[in-house]
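S.K.: Sending over start.txt (compact mmCIF, C-alpha atoms (C1' of nucleotides)).
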# COMPACT_ATOMS: atom_id res chain seq x y z
CA MET F 296 21.21 24.60 -15.82
CA SER F 297 21.97 23.17 -12.44
CA ASP F 298 18.35 22.15 -12.25
CA PRO F 299 18.27 18.56 -11.06
CA ASP F 300 15.69 17.65 -13.68
CA THR F 301 17.87 18.67 -16.62
CA GLU F 302 18.61 15.07 -17.52
CA THR F 303 15.32 13.36 -16.95
CA GLY F 304 12.72 16.10 -16.85
CA TYR F 305 11.33 14.14 -13.94
CA VAL F 306 10.61 16.22 -10.87
CA LEU F 307 9.31 13.95 -8.14
CA ASP F 308 7.44 16.59 -6.17
CA ARG F 309 5.18 17.31 -9.13
CA GLN F 310 4.12 13.74 -9.86
CA VAL F 311 0.53 12.96 -8.96
CA GLY F 312 1.47 9.44 -7.96
CA PHE F 313 4.12 10.64 -5.55
CA LEU F 314 1.89 13.33 -4.03
CA LEU F 315 -0.89 10.79 -3.59
CA ARG F 316 1.50 8.42 -1.86
CA ARG F 317 2.81 11.14 0.45
CA ALA F 318 -0.68 12.32 1.36
CA THR F 319 -1.75 8.74 2.03
CA GLN F 320 1.30 8.18 4.22
CA ARG F 321 0.55 11.25 6.29
CA HIS F 322 -3.10 10.28 6.62
CA LEU F 323 -2.10 6.77 7.72
CA ALA F 324 0.25 8.13 10.37
CA ILE F 325 -2.44 10.45 11.71
CA PHE F 326 -4.95 7.60 11.74
CA SER F 327 -2.75 5.31 13.78
CA SER F 328 -1.97 8.09 16.23
CA HIS F 329 -5.70 8.30 16.96
CA ILE F 330 -6.67 4.63 16.61
CA ASP F 331 -4.26 1.88 17.57
CA ASP F 332 -6.48 -1.20 17.55
CA LEU F 333 -7.78 -1.02 13.98
CA THR F 334 -6.00 -0.32 10.70
CA PRO F 335 -7.63 2.16 8.30
CA THR F 336 -8.57 -0.76 6.08
CA GLN F 337 -10.11 -2.71 8.94
CA PHE F 338 -11.97 0.36 10.13
CA THR F 339 -13.35 0.98 6.63
CA ALA F 340 -14.48 -2.61 6.23
CA LEU F 341 -16.08 -2.75 9.66
CA ALA F 342 -17.80 0.62 9.24
CA GLN F 343 -19.17 -0.30 5.84
CA LEU F 344 -20.40 -3.66 7.10
CA CYS F 345 -22.21 -1.87 9.94
CA VAL F 346 -23.82 0.47 7.41
CA LEU F 347 -24.89 -2.42 5.19
CA GLY F 348 -25.95 -4.62 8.10
CA ARG F 349 -24.87 -7.74 6.28
CA ALA F 350 -23.07 -8.56 3.06
CA SER F 351 -21.25 -11.34 1.26
CA GLN F 352 -17.48 -11.13 1.43
CA ASN F 353 -16.99 -10.13 -2.20
CA ALA F 354 -19.86 -7.63 -2.06
CA LEU F 355 -18.25 -5.96 0.94
CA GLY F 356 -14.98 -5.95 -0.95
CA ARG F 357 -16.59 -4.14 -3.86
CA ALA F 358 -18.24 -1.64 -1.51
CA THR F 359 -14.87 -0.82 0.04
CA ALA F 360 -12.70 -1.10 -3.09
CA MET F 361 -10.81 -4.20 -1.97
CA ASP F 362 -10.26 -7.23 -4.16
CA GLY F 363 -11.17 -10.75 -3.11
CA ALA F 364 -7.79 -11.68 -1.66
CA THR F 365 -7.52 -8.46 0.31
CA ILE F 366 -11.01 -8.44 1.82
CA LYS F 367 -10.56 -12.07 2.84
CA GLY F 368 -7.48 -11.27 4.90
CA VAL F 369 -9.16 -8.25 6.47
CA MET F 370 -12.27 -10.19 7.40
CA ASP F 371 -10.24 -13.12 8.72
CA ARG F 372 -8.54 -10.77 11.16
CA LEU F 373 -11.80 -9.07 12.20
CA ARG F 374 -13.45 -12.47 12.67
CA ARG F 375 -10.54 -13.78 14.72
CA ARG F 376 -11.10 -10.85 17.08
CA GLY F 377 -14.83 -11.49 17.29
CA LEU F 378 -15.80 -8.20 15.64
CA VAL F 379 -17.49 -9.88 12.69
CA SER F 380 -19.31 -13.19 12.37
CA ALA F 381 -19.65 -15.29 9.23
CA ALA F 382 -22.08 -17.97 8.13
CA PRO F 383 -22.86 -19.69 4.84
CA ASP F 384 -25.61 -17.95 2.86
CA GLU F 385 -28.78 -20.07 2.75
CA ASP F 386 -29.79 -18.83 -0.68
CA ASP F 387 -26.40 -19.10 -2.35
CA GLN F 388 -24.03 -21.84 -1.30
CA ARG F 389 -21.06 -19.92 -2.68
CA ARG F 390 -21.53 -16.89 -0.49
CA LEU F 391 -20.14 -16.18 2.96
CA LEU F 392 -22.62 -13.98 4.79
CA LEU F 393 -20.87 -11.46 7.03
CA VAL F 394 -22.49 -9.64 9.93
CA PRO F 395 -20.92 -7.34 12.53
CA THR F 396 -21.11 -8.67 16.08
CA GLU F 397 -22.27 -6.55 18.98
CA ALA F 398 -18.62 -6.18 19.95
CA GLY F 399 -17.89 -5.01 16.41
CA ARG F 400 -20.65 -2.40 16.43
CA ALA F 401 -19.63 -1.25 19.88
CA LEU F 402 -15.98 -0.89 18.92
CA LEU F 403 -16.90 1.05 15.79
CA ALA F 404 -19.10 3.38 17.82
CA ARG F 405 -16.30 4.00 20.30
CA ARG F 406 -13.81 4.76 17.52
CA LEU F 407 -15.98 7.02 15.36
CA PRO F 408 -14.98 10.22 17.20
CA ALA F 409 -11.30 9.38 16.71
CA ALA F 410 -11.98 8.67 13.04
CA ARG F 411 -13.54 12.10 12.64
CA ALA F 412 -10.56 13.63 14.43
CA THR F 413 -8.30 11.81 11.96
CA THR F 414 -10.07 13.39 9.01
CA GLU F 415 -10.00 16.76 10.69
CA GLU F 416 -6.29 16.58 11.38
CA THR F 417 -5.49 15.30 7.89
CA LEU F 418 -7.34 18.20 6.30
CA ALA F 419 -6.10 20.76 8.83
CA PRO F 420 -3.81 22.55 6.33
CA LEU F 421 -6.83 23.41 4.18
CA ASP F 422 -9.80 25.71 4.79
CA ALA F 423 -13.37 24.58 4.28
CA ALA F 424 -13.60 25.56 0.63
CA GLU F 425 -10.30 23.90 -0.18
CA ARG F 426 -11.33 20.71 1.60
CA ALA F 427 -14.52 20.46 -0.43
CA LEU F 428 -12.55 21.15 -3.58
CA LEU F 429 -9.98 18.48 -2.81
CA LEU F 430 -12.65 15.85 -2.10
CA ASP F 431 -14.38 16.77 -5.34
CA LEU F 432 -11.21 16.59 -7.41
CA LEU F 433 -10.20 13.26 -5.83
CA ALA F 434 -13.65 11.82 -6.42
CA ARG F 435 -13.40 12.74 -10.09
CA LEU F 436 -10.03 11.00 -10.36
CA GLY F 437 -11.27 7.76 -8.81
CA MET N 152 -34.36 8.87 7.02
CA SER N 153 -33.47 5.93 4.85
CA ASP N 154 -30.04 7.43 4.50
CA PRO N 155 -27.52 4.64 5.02
CA ASP N 156 -25.43 6.85 7.29
CA THR N 157 -28.20 7.36 9.83
CA GLU N 158 -26.59 5.00 12.30
CA THR N 159 -22.94 5.78 11.94
CA GLY N 160 -22.77 9.15 10.22
CA TYR N 161 -19.97 7.57 8.24
CA VAL N 162 -20.27 8.01 4.48
CA LEU N 163 -17.38 6.25 2.84
CA ASP N 164 -17.36 8.27 -0.36
CA ARG N 165 -16.65 11.44 1.55
CA GLN N 166 -13.69 10.19 3.57
CA VAL N 167 -10.36 11.65 2.48
CA GLY N 168 -8.60 8.41 3.28
CA PHE N 169 -10.92 6.40 1.07
CA LEU N 170 -10.74 8.88 -1.80
CA LEU N 171 -6.96 8.91 -1.58
CA ARG N 172 -6.89 5.12 -1.69
CA ARG N 173 -9.24 4.99 -4.67
CA ALA N 174 -7.27 7.60 -6.59
CA THR N 175 -4.03 5.77 -5.82
CA GLN N 176 -5.56 2.48 -6.99
CA ARG N 177 -6.63 4.01 -10.28
CA HIS N 178 -3.24 5.61 -10.78
CA LEU N 179 -1.51 2.31 -10.08
CA ALA N 180 -3.69 0.49 -12.60
CA ILE N 181 -2.97 3.11 -15.26
CA PHE N 182 0.75 2.95 -14.48
CA SER N 183 0.94 -0.80 -14.93
CA SER N 184 -1.02 -0.61 -18.17
CA HIS N 185 1.73 1.63 -19.55
CA ILE N 186 4.78 0.09 -17.83
CA ASP N 187 4.93 -3.61 -17.07
CA ASP N 188 8.57 -4.09 -16.10
CA LEU N 189 8.81 -1.60 -13.23
CA THR N 190 6.48 -0.91 -10.33
CA PRO N 191 5.66 2.74 -9.56
CA THR N 192 7.88 2.47 -6.49
CA GLN N 193 10.77 1.00 -8.44
CA PHE N 194 10.36 3.65 -11.13
CA THR N 195 10.38 6.42 -8.54
CA ALA N 196 13.49 5.07 -6.82
CA LEU N 197 15.35 4.54 -10.09
CA ALA N 198 14.37 7.95 -11.45
CA GLN N 199 15.40 9.72 -8.28
CA LEU N 200 18.70 7.85 -8.17
CA CYS N 201 19.37 8.93 -11.75
CA VAL N 202 18.63 12.54 -10.81
CA LEU N 203 20.91 12.37 -7.76
CA GLY N 204 23.62 10.45 -9.58
CA ARG N 205 24.53 8.55 -6.44
CA ALA N 206 23.18 8.25 -2.93
CA SER N 207 23.31 6.10 0.16
CA GLN N 208 20.41 3.71 0.59
CA ASN N 209 18.78 5.59 3.46
CA ALA N 210 19.32 8.96 1.76
CA LEU N 211 17.56 7.69 -1.34
CA GLY N 212 14.78 6.38 0.88
CA ARG N 213 14.33 9.83 2.41
CA ALA N 214 14.33 11.43 -1.03
CA THR N 215 11.57 9.12 -2.18
CA ALA N 216 9.60 8.90 1.07
CA MET N 217 10.39 5.22 1.75
CA ASP N 218 11.55 3.91 5.10
CA GLY N 219 14.68 1.84 5.54
CA ALA N 220 13.05 -1.56 5.24
CA THR N 221 11.10 -0.57 2.13
CA ILE N 222 13.93 1.06 0.19
CA LYS N 223 16.11 -1.95 0.93
CA GLY N 224 13.65 -4.33 -0.72
CA VAL N 225 13.21 -2.02 -3.69
CA MET N 226 16.96 -1.63 -4.22
CA ASP N 227 17.57 -5.36 -3.78
CA ARG N 228 15.21 -6.02 -6.66
CA LEU N 229 16.69 -3.30 -8.87
CA ARG N 230 20.20 -4.57 -8.10
CA ARG N 231 19.24 -8.16 -8.86
CA ARG N 232 18.16 -6.98 -12.30
CA GLY N 233 21.38 -5.05 -12.86
CA LEU N 234 19.68 -1.66 -12.97
CA VAL N 235 21.53 -0.33 -9.93
CA SER N 236 24.95 -1.11 -8.55
CA ALA N 237 26.04 -0.85 -4.92
CA ALA N 238 29.40 -0.49 -3.24
CA PRO N 239 30.53 0.33 0.29
CA ASP N 240 31.12 4.05 0.84
CA GLU N 241 34.82 4.81 1.32
CA ASP N 242 34.17 7.72 3.65
CA ASP N 243 31.53 6.05 5.80
CA GLN N 244 31.75 2.34 6.42
CA ARG N 245 28.09 2.18 7.35
CA ARG N 246 26.83 3.49 4.04
CA LEU N 247 25.93 1.58 0.92
CA LEU N 248 26.65 3.79 -2.06
CA LEU N 249 24.10 3.29 -4.82
CA VAL N 250 24.61 4.25 -8.46
CA PRO N 251 22.40 3.55 -11.47
CA THR N 252 24.00 1.30 -14.07
CA GLU N 253 23.99 2.12 -17.78
CA ALA N 254 21.22 -0.41 -18.16
CA GLY N 255 19.32 1.37 -15.39
CA ARG N 256 19.69 4.78 -17.02
CA ALA N 257 18.76 3.37 -20.40
CA LEU N 258 15.64 1.65 -19.07
CA LEU N 259 14.54 4.80 -17.29
CA ALA N 260 15.02 6.84 -20.47
CA ARG N 261 12.95 4.34 -22.45
CA ARG N 262 10.15 4.40 -19.89
CA LEU N 263 9.93 8.16 -19.33
CA PRO N 264 7.42 8.73 -22.16
CA ALA N 265 5.16 6.03 -20.73
CA ALA N 266 5.48 7.59 -17.29
CA ARG N 267 4.35 10.95 -18.69
CA ALA N 268 1.47 9.20 -20.42
CA THR N 269 0.53 7.66 -17.07
CA THR N 270 0.32 11.06 -15.43
CA GLU N 271 -1.63 12.43 -18.37
CA GLU N 272 -4.15 9.59 -18.27
CA THR N 273 -4.52 9.79 -14.49
CA LEU N 274 -5.30 13.49 -14.65
CA ALA N 275 -7.43 13.20 -17.78
CA PRO N 276 -10.73 13.91 -15.95
CA LEU N 277 -9.41 17.33 -14.92
CA ASP N 278 -8.60 20.44 -16.95
CA ALA N 279 -5.31 22.28 -16.65
CA ALA N 280 -6.40 24.61 -13.85
CA GLU N 281 -7.91 21.77 -11.85
CA ARG N 282 -4.77 19.68 -12.24
CA ALA N 283 -2.59 22.47 -10.89
CA LEU N 284 -5.04 22.98 -8.05
CA LEU N 285 -5.07 19.29 -7.13
CA LEU N 286 -1.29 19.07 -7.10
CA ASP N 287 -1.15 22.17 -4.93
CA LEU N 288 -3.73 20.88 -2.47
CA LEU N 289 -2.06 17.45 -2.26
CA ALA N 290 1.34 19.04 -1.70
CA ARG N 291 -0.06 21.04 1.19
CA LEU N 292 -1.49 17.88 2.75
CA GLY N 293 1.78 15.98 2.54
C1' DG W 141 39.38 11.25 23.89
C1' DC W 142 35.75 9.01 25.74
C1' DG W 143 31.11 7.68 26.70
C1' DG W 144 26.44 8.39 25.27
C1' DT W 145 23.65 9.29 21.28
C1' DT W 146 22.62 8.91 16.30
C1' DT W 147 22.92 7.04 11.99
C1' DT W 148 22.97 3.15 8.78
C1' DG W 149 21.74 -1.01 7.08
C1' DT W 150 19.52 -5.44 8.20
C1' DT W 151 16.12 -8.69 9.87
C1' DT W 152 11.61 -10.18 11.51
C1' DG W 153 6.76 -9.82 11.78
C1' DT W 154 2.32 -7.99 10.42
C1' DA W 155 -0.88 -5.89 7.09
C1' DT W 156 -2.43 -4.28 2.84
C1' DA W 157 -2.70 -4.91 -2.35
C1' DC W 158 -3.05 -7.32 -6.72
C1' DA W 159 -2.45 -11.11 -10.31
C1' DA W 160 -3.31 -15.67 -11.45
C1' DA W 161 -5.14 -20.04 -10.93
C1' DC W 162 -8.41 -23.21 -8.85
C1' DG W 163 -12.89 -25.90 -7.66
C1' DG W 164 -17.56 -25.38 -6.59
C1' DA W 165 -22.03 -23.09 -7.21
C1' DT W 166 -25.03 -20.41 -9.93
C1' DG W 167 -26.89 -18.31 -14.25
C1' DT W 168 -27.66 -18.13 -19.05
C1' DT W 169 -28.65 -19.58 -23.54
C1' DG W 170 -29.71 -22.19 -27.23
C1' DC O 52 -31.78 -29.73 -20.20
C1' DA O 53 -27.13 -29.42 -21.47
C1' DA O 54 -23.09 -26.49 -22.68
C1' DC O 55 -21.12 -22.48 -21.38
C1' DA O 56 -20.10 -18.48 -18.91
C1' DT O 57 -19.92 -16.10 -14.65
C1' DC O 58 -19.52 -15.50 -9.78
C1' DC O 59 -17.74 -16.90 -5.15
C1' DG O 60 -14.30 -17.82 -2.02
C1' DT O 61 -9.59 -19.56 -1.54
C1' DT O 62 -4.68 -20.09 -2.23
C1' DT O 63 -0.08 -18.82 -3.83
C1' DG O 64 3.32 -15.57 -5.08
C1' DT O 65 5.17 -10.98 -5.37
C1' DA O 66 5.64 -6.15 -3.87
C1' DT O 67 5.01 -2.35 -1.03
C1' DA O 68 4.76 -0.33 3.81
C1' DC O 69 5.83 0.23 8.64
C1' DA O 70 7.22 -1.07 13.56
C1' DA O 71 10.63 -2.89 16.37
C1' DA O 72 14.95 -4.63 17.47
C1' DC O 73 19.85 -5.20 16.41
C1' DA O 74 25.08 -4.47 15.50
C1' DA O 75 28.50 -1.68 13.58
C1' DA O 76 30.10 2.81 12.53
C1' DA O 77 30.18 7.67 13.14
C1' DC O 78 29.27 11.76 15.77
C1' DC O 79 29.18 14.89 19.72
C1' DG O 80 29.49 17.01 24.27
C1' DC O 81 32.19 17.67 27.92
Any chance you could put this one into structure tokens?
M.R.:
Amino acid sequence: MSDPDTETGYVLDRQVGFLLRRATQRHLAIFSSHIDDLTPTQFTALAQLCVLGRASQNALGRATAMDGATIKGVMDRLRRRGLVSAAPDEDDQRRLLLVPTEAGRALLARRLPAARATTEETLAPLDAAERALLLDLLARLG
Amino acid sequence: MSDPDTETGYVLDRQVGFLLRRATQRHLAIFSSHIDDLTPTQFTALAQLCVLGRASQNALGRATAMDGATIKGVMDRLRRRGLVSAAPDEDDQRRLLLVPTEAGRALLARRLPAARATTEETLAPLDAAERALLLDLLARLG
DNA sequence: GCGGTTTTGTTTGTATACAAACGGATGTTG
DNA sequence: CAACATCCGTTTGTATACAAACAAAACCGC
């Protein structure tokens, strides 16, 4: 009767959207406590570009789930810092061919241990089976 | 050997942070397909304010996991649309006392079914047991 | 009751995110 | 090959998010 959800039936702590936002916030805070010279988004984009070797801007955006406007801003900042280089694609005049620089690859390599520590700390409340389960459930949502 | 993670050991699709971002993106897209006159953040803030009845700006921010700068912007927009009213707190001159207007409560009531549909559609890939499990695991992360 | 600390709201600056619109290049199809 | 559609990168506008700094108000220890 004195339940706060009597009127609306809306209990915040049970909403998927809210729980996702909270978990993301905590993960972001942990990330920046381990890595202070790259944002999670920048790290993801740089890491994926290193895996791919080279990619057009939009293709990298698709690979990292960022739209055109977002990936442009991210790459602009990485390029300004000399971590990524860009050149027009010979075969397709529309495309901007992106390649990680040596500095970019080196920085990624130096930060990989901290990235793994970030994941570890984020998942610390869960045991191994629960971690696998969570990743599986999240993957099926996305 | 031809595994793309040979160099970095970094497989994007297994990173919690990436999966959280993807799931959040999908949830956001579903939300806006059901509700086009409130953002998820605005909905959360309005709903929580309706549950609380009244709250100071920072207190509402804490209740909805938004920092001071964020909750200010959200409330400014809700106030501009007449969904929330604000007045100085008599007992504490620092505080801004927020209260949902009738229009705010009415809009929330009209949008609650769509909000439930959003949750339902987001969790559609999972059965009942898996949904409960996911919410539990996410709650323990946050 | 007074001085140091905290709280509250605000502002500024940076960084995602996404929608919408655009011009240029490429692809497709009849 | 010409009309049409699609893709690419860019720009603009809006909306979270968070850090850092600030002034005013309230609190708290001694």
S.K.: Would you list the contacts of segment 61-76 of chain O as a JSON list (two decimals) with C-alpha atoms, keeping the file's coordinate frame, taking every protein, DNA or RNA residue within 7 Å and counting all atoms listed in the file, but skipping same-chain residues closer than 6 positions in sequence?
M.R.:
[["chain", "number", "residue", "atom", "x", "y", "z"],
["N", 221, "THR", "CA", 11.10, -0.57, 2.13],
["N", 244, "GLN", "CA", 31.75, 2.34, 6.42],
["N", 245, "ARG", "CA", 28.09, 2.18, 7.35]]
S.K.: Taking all atoms listed in the file into account, find every residue of chain F that has an atom no more than 6 Å from chain N, and write it out as a ChimeraX atom specification.
M.R.: /F:314,317-318,433,436-437
S.K.: Using only C-alpha atoms (C1' of nucleotides), which residues sit within 10 Å of DT146 of chain W once same-chain residues fewer than 2 positions away are excluded, as a PyMOL selection string?
M.R.: (chain W and resi 144+148) or (chain O and resi 77-79)
S.K.: List every protein, DNA or RNA residue that has an atom no more than 12 Å from (15.7, -4.8, -4.9) in the file's coordinate frame, counting only C-alpha atoms (C1' of nucleotides), and report them as a list in words.
M.R.: Leu189, Thr190, Thr192, Gln193, Phe194, Ala196, Leu197, Gln208, Ala220, Thr221, Ile222, Lys223, Gly224, Val225, Met226, Asp227, Arg228, Leu229, Arg230, Arg231, Arg232, Gly233, Leu234, Val235, Ser236, Ala237 and Leu249 of chain N; DA66 and DT67 of chain O
S.K.: Kindly give the distance, in Å, that separates atom C1' of DG167 of chain W and atom C1' of DC58 of chain O, rounded to a single decimal.
M.R.: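 Interatomic distance here is 9.1 Å.
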S.K.: Between atom C1' of DA161 of chain W and atom CA of Ala354 of chain F, what is the spacing in Å?
M.R.: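 Between these atoms lies a distance of 21.2 Å.
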S.K.: May I have the centre and edge lengths, in Å to one decimal, of an axis-aligned box around the listed atoms of segment 145-158 of chain W with 6 Å added to every side, as JSON?
M.R.:
{"center_x": 10.3, "center_y": -0.4, "center_z": 7.3, "size_x": 38.7, "size_y": 31.5, "size_z": 40.0}
S.K.: Quick one, how far is atom CA of Arg213 of chain N from atom CA of Asp332 of chain F?
M.R.: 28.0 Å
S.K.: Which one of N:Leu258, N:Ile186, N:Asp242, N:Pro251 sits closest to chain O if you count only C-alpha atoms (C1' of nucleotides)?
M.R.: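 Nearest to chain O: N:Asp242.
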S.K.: Distance limit 8 Å, atoms considered: all atoms listed in the file. Which chain N residues sit that close to chain W? Return them as a list in words.
M.R.: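 Therefore, the residues near the partner are Asn209, Gly219, Arg245, Arg246 and Leu247 of chain N.
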